[in-house]
Amino acid sequence: MVRDYTKWDDLPIFPDSLRESAARGYKIAMTPPGGPVVLVADSDLQETPVADLSRLHIPKLTLASPPAGDPVAVAELAKLLVAAENPVILGGQAIRTPEGMKRLVDWRRRCRHLYAGKVSIASSSQSGGGGLIRNAD
C-alpha cells in the first residue's frame with residue numbers, strides 16, 4: 001500500500017537484516033531528492049528477545065554524494081552560455097533546496113543570465129516567458 005508513495009520499503013524478518021535495512025533506508029531517504037522510506041518490523045521480529053546483546057552493531061553508513069555534472073560538459077555549457085546573445089536556463093524542479101535557489105539567483109545576478117521556468121525570477125522586461133523562450137539561443 002505504501003510502495004507508490006515512498007522511495008523505498010522493506011520487510012526484514014531477522015535482526016541482522018533489520019539493522020542492514022535501517023541503514024540502507026536512511027541512506028536512501030537522505031539521498032537527493034529526499035523522500036520517505038518504510039521499514040515494517042513484523043510482530044515476531046519485535047517481540048523475540050535478542051540472545052546475545054554483545055553481537056549487536058550498527059552497520060557502517062556512508063551517505064551518497066549529491067549528483068554533479070561532468071566537468072567537461074559543464075565547461076562546454078559555460079562556453080555556450082557566455083557566447084549566447086539571449087541565454088535562457090530552464091531549471092524546473094532541478095532546484096530542490098532553498099540553498100540551490102539562492103545560488104541560482106546569485107549566479108544570475110553576477111552573470112546577467114535570465115532564468116525562466118516553473119519558478120519566476122524577474123530580471124528584465126523580457127522575463128515574461130513567451131518571448132524569452134522564443135528568442136533564446
# chains A, B, ... in the order shown; residues from 1 in each chain; ligands from 1
$ select_by_dssp --residues "region 10-94 of chain A" --states "helix (DSSP H, G or I)" --output "MDAnalysis selection string"
chainID A and resid 15:30 43:47 53:55 71:83 92:94
$ residues_around --residues "region 50-66 of chain A" --least-positions-apart "6" --cutoff "12 Å" --atoms "only C-alpha atoms" --output "PyMOL selection string"
chain A and resi 14-34+44+96
$ closest_residue --among "A:Val37, A:Met1, A:Ala73, A:Ile133" --to "Asn86 (chain A)" --atoms "only C-alpha atoms"
A:Ile133
$ select_by_dssp --residues "chain A" --states "strand (DSSP E)" --output "PDB file with N, CA, C and O atoms, in the first residue's frame"
ATOM      1  N   TRP A   8      11.433   3.880  -1.032  1.00  0.00           N
ATOM      2  CA  TRP A   8      11.889   2.513  -0.793  1.00  0.00           C
ATOM      3  C   TRP A   8      11.128   1.947   0.391  1.00  0.00           C
ATOM      4  O   TRP A   8      10.734   2.676   1.305  1.00  0.00           O
ATOM      5  N   ASP A   9      10.904   0.633   0.376  1.00  0.00           N
ATOM      6  CA  ASP A   9      10.290  -0.033   1.524  1.00  0.00           C
ATOM      7  C   ASP A   9      10.914  -1.414   1.678  1.00  0.00           C
ATOM      8  O   ASP A   9      11.438  -1.972   0.721  1.00  0.00           O
ATOM      9  N   ASP A  10      10.841  -1.942   2.908  1.00  0.00           N
ATOM     10  CA  ASP A  10      11.421  -3.257   3.151  1.00  0.00           C
ATOM     11  C   ASP A  10      10.702  -3.921   4.315  1.00  0.00           C
ATOM     12  O   ASP A  10      10.138  -3.244   5.189  1.00  0.00           O
ATOM     13  N   VAL A  37      10.908   6.611   3.448  1.00  0.00           N
ATOM     14  CA  VAL A  37      11.117   5.172   3.306  1.00  0.00           C
ATOM     15  C   VAL A  37      10.306   4.495   4.409  1.00  0.00           C
ATOM     16  O   VAL A  37       9.981   5.107   5.413  1.00  0.00           O
ATOM     17  N   VAL A  38       9.983   3.230   4.215  1.00  0.00           N
ATOM     18  CA  VAL A  38       9.193   2.497   5.202  1.00  0.00           C
ATOM     19  C   VAL A  38       9.878   1.176   5.518  1.00  0.00           C
ATOM     20  O   VAL A  38      10.238   0.428   4.610  1.00  0.00           O
ATOM     21  N   LEU A  39      10.076   0.923   6.810  1.00  0.00           N
ATOM     22  CA  LEU A  39      10.541  -0.374   7.285  1.00  0.00           C
ATOM     23  C   LEU A  39       9.427  -0.963   8.122  1.00  0.00           C
ATOM     24  O   LEU A  39       8.932  -0.324   9.043  1.00  0.00           O
ATOM     25  N   VAL A  88      19.009  31.429 -21.882  1.00  0.00           N
ATOM     26  CA  VAL A  88      17.889  31.090 -21.005  1.00  0.00           C
ATOM     27  C   VAL A  88      18.234  29.774 -20.315  1.00  0.00           C
ATOM     28  O   VAL A  88      18.706  28.842 -20.953  1.00  0.00           O
ATOM     29  N   ILE A  89      17.997  29.718 -19.029  1.00  0.00           N
ATOM     30  CA  ILE A  89      18.222  28.489 -18.271  1.00  0.00           C
ATOM     31  C   ILE A  89      16.876  28.035 -17.734  1.00  0.00           C
ATOM     32  O   ILE A  89      16.189  28.786 -17.047  1.00  0.00           O
ATOM     33  N   LEU A 114      19.372  35.052 -17.717  1.00  0.00           N
ATOM     34  CA  LEU A 114      17.953  35.019 -17.377  1.00  0.00           C
ATOM     35  C   LEU A 114      17.523  33.611 -17.023  1.00  0.00           C
ATOM     36  O   LEU A 114      18.029  32.640 -17.562  1.00  0.00           O
ATOM     37  N   TYR A 115      16.579  33.514 -16.138  1.00  0.00           N
ATOM     38  CA  TYR A 115      16.030  32.222 -15.747  1.00  0.00           C
ATOM     39  C   TYR A 115      14.537  32.233 -16.030  1.00  0.00           C
ATOM     40  O   TYR A 115      13.848  33.176 -15.698  1.00  0.00           O
TER      41      TYR A 115
END
$ closest_residue --among "A:Val82, A:Val2, A:Leu90, A:Ala136" --to "Pro36 (chain A)" --atoms "only C-alpha atoms"
A:Val2
$ closest_residue --among "A:Pro12, A:Tyr5, A:Gly100, A:Arg108" --to "Pro87 (chain A)" --atoms "only C-alpha atoms"
A:Arg108
$ decode --residues "region 53-66 of chain A" --atoms "all heavy atoms" --output "compact mmCIF listing (two decimals), in the first residue's frame"
# COMPACT_ATOMS: atom_id res chain seq x y z
N LEU A 53 23.33 -9.66 23.32
CA LEU A 53 23.37 -8.22 23.06
C LEU A 53 24.75 -7.75 22.61
O LEU A 53 24.87 -6.72 21.94
CB LEU A 53 22.94 -7.44 24.31
CG LEU A 53 21.48 -7.61 24.71
CD1 LEU A 53 21.19 -6.86 26.01
CD2 LEU A 53 20.55 -7.12 23.62
N SER A 54 25.79 -8.47 22.95
CA SER A 54 27.15 -8.05 22.56
C SER A 54 27.37 -8.15 21.06
O SER A 54 28.29 -7.53 20.52
CB SER A 54 28.20 -8.89 23.30
OG SER A 54 28.15 -10.23 22.86
N ARG A 55 26.53 -8.92 20.37
CA ARG A 55 26.67 -9.06 18.91
C ARG A 55 25.99 -7.93 18.15
O ARG A 55 26.16 -7.80 16.93
CB ARG A 55 26.05 -10.39 18.46
CG ARG A 55 26.86 -11.59 18.90
CD ARG A 55 26.35 -12.89 18.28
NE ARG A 55 26.29 -12.78 16.83
CZ ARG A 55 25.23 -13.12 16.09
NH1 ARG A 55 24.14 -13.59 16.66
NH2 ARG A 55 25.26 -13.02 14.79
N LEU A 56 25.22 -7.09 18.85
CA LEU A 56 24.52 -6.00 18.18
C LEU A 56 25.51 -4.93 17.72
O LEU A 56 26.39 -4.53 18.47
CB LEU A 56 23.49 -5.37 19.11
CG LEU A 56 22.29 -6.24 19.47
CD1 LEU A 56 21.37 -5.48 20.41
CD2 LEU A 56 21.54 -6.67 18.24
N HIS A 57 25.37 -4.49 16.51
CA HIS A 57 26.18 -3.40 15.99
C HIS A 57 25.38 -2.70 14.90
O HIS A 57 24.46 -3.26 14.31
CB HIS A 57 27.51 -3.90 15.44
CG HIS A 57 27.36 -4.64 14.13
ND1 HIS A 57 26.93 -5.94 14.06
CD2 HIS A 57 27.57 -4.24 12.86
CE1 HIS A 57 26.86 -6.31 12.79
NE2 HIS A 57 27.25 -5.31 12.05
N ILE A 58 25.76 -1.47 14.67
CA ILE A 58 25.13 -0.70 13.60
C ILE A 58 26.07 -0.75 12.40
O ILE A 58 27.25 -0.44 12.54
CB ILE A 58 24.87 0.75 14.04
CG1 ILE A 58 23.91 0.77 15.23
CG2 ILE A 58 24.33 1.58 12.88
CD1 ILE A 58 23.73 2.11 15.85
N PRO A 59 25.56 -1.12 11.23
CA PRO A 59 26.43 -1.17 10.05
C PRO A 59 27.01 0.20 9.72
O PRO A 59 26.40 1.23 10.01
CB PRO A 59 25.49 -1.63 8.93
CG PRO A 59 24.29 -2.18 9.61
CD PRO A 59 24.20 -1.52 10.94
N LYS A 60 28.19 0.22 9.13
CA LYS A 60 28.82 1.47 8.73
C LYS A 60 27.96 2.14 7.67
O LYS A 60 27.49 1.50 6.73
CB LYS A 60 30.21 1.20 8.18
CG LYS A 60 30.95 2.47 7.83
CD LYS A 60 32.36 2.21 7.37
CE LYS A 60 32.99 3.54 7.04
NZ LYS A 60 34.35 3.41 6.59
N LEU A 61 27.75 3.42 7.86
CA LEU A 61 26.90 4.18 6.95
C LEU A 61 27.74 5.18 6.18
O LEU A 61 28.51 5.94 6.76
CB LEU A 61 25.82 4.93 7.75
CG LEU A 61 24.92 5.86 6.96
CD1 LEU A 61 24.02 5.06 6.02
CD2 LEU A 61 24.09 6.71 7.88
N THR A 62 27.62 5.17 4.88
CA THR A 62 28.25 6.17 4.03
C THR A 62 27.16 6.78 3.17
O THR A 62 26.49 6.08 2.42
CB THR A 62 29.34 5.57 3.13
OG1 THR A 62 28.77 4.50 2.39
CG2 THR A 62 30.51 5.06 3.94
N LEU A 63 26.95 8.07 3.32
CA LEU A 63 25.93 8.75 2.54
C LEU A 63 26.45 9.04 1.13
O LEU A 63 27.64 9.30 0.94
CB LEU A 63 25.51 10.06 3.21
CG LEU A 63 24.79 9.89 4.55
CD1 LEU A 63 24.47 11.26 5.15
CD2 LEU A 63 23.51 9.09 4.39
N ALA A 64 25.56 8.98 0.18
CA ALA A 64 25.92 9.23 -1.22
C ALA A 64 26.18 10.72 -1.42
O ALA A 64 25.56 11.56 -0.79
CB ALA A 64 24.79 8.77 -2.13
N SER A 65 27.10 11.02 -2.30
CA SER A 65 27.36 12.41 -2.67
C SER A 65 26.23 12.90 -3.57
O SER A 65 25.71 12.13 -4.38
CB SER A 65 28.68 12.53 -3.42
OG SER A 65 29.74 12.11 -2.62
N PRO A 66 25.87 14.17 -3.44
CA PRO A 66 24.84 14.70 -4.35
C PRO A 66 25.30 14.58 -5.80
O PRO A 66 26.51 14.65 -6.07
CB PRO A 66 24.71 16.17 -3.94
CG PRO A 66 25.29 16.24 -2.57
CD PRO A 66 26.32 15.16 -2.49
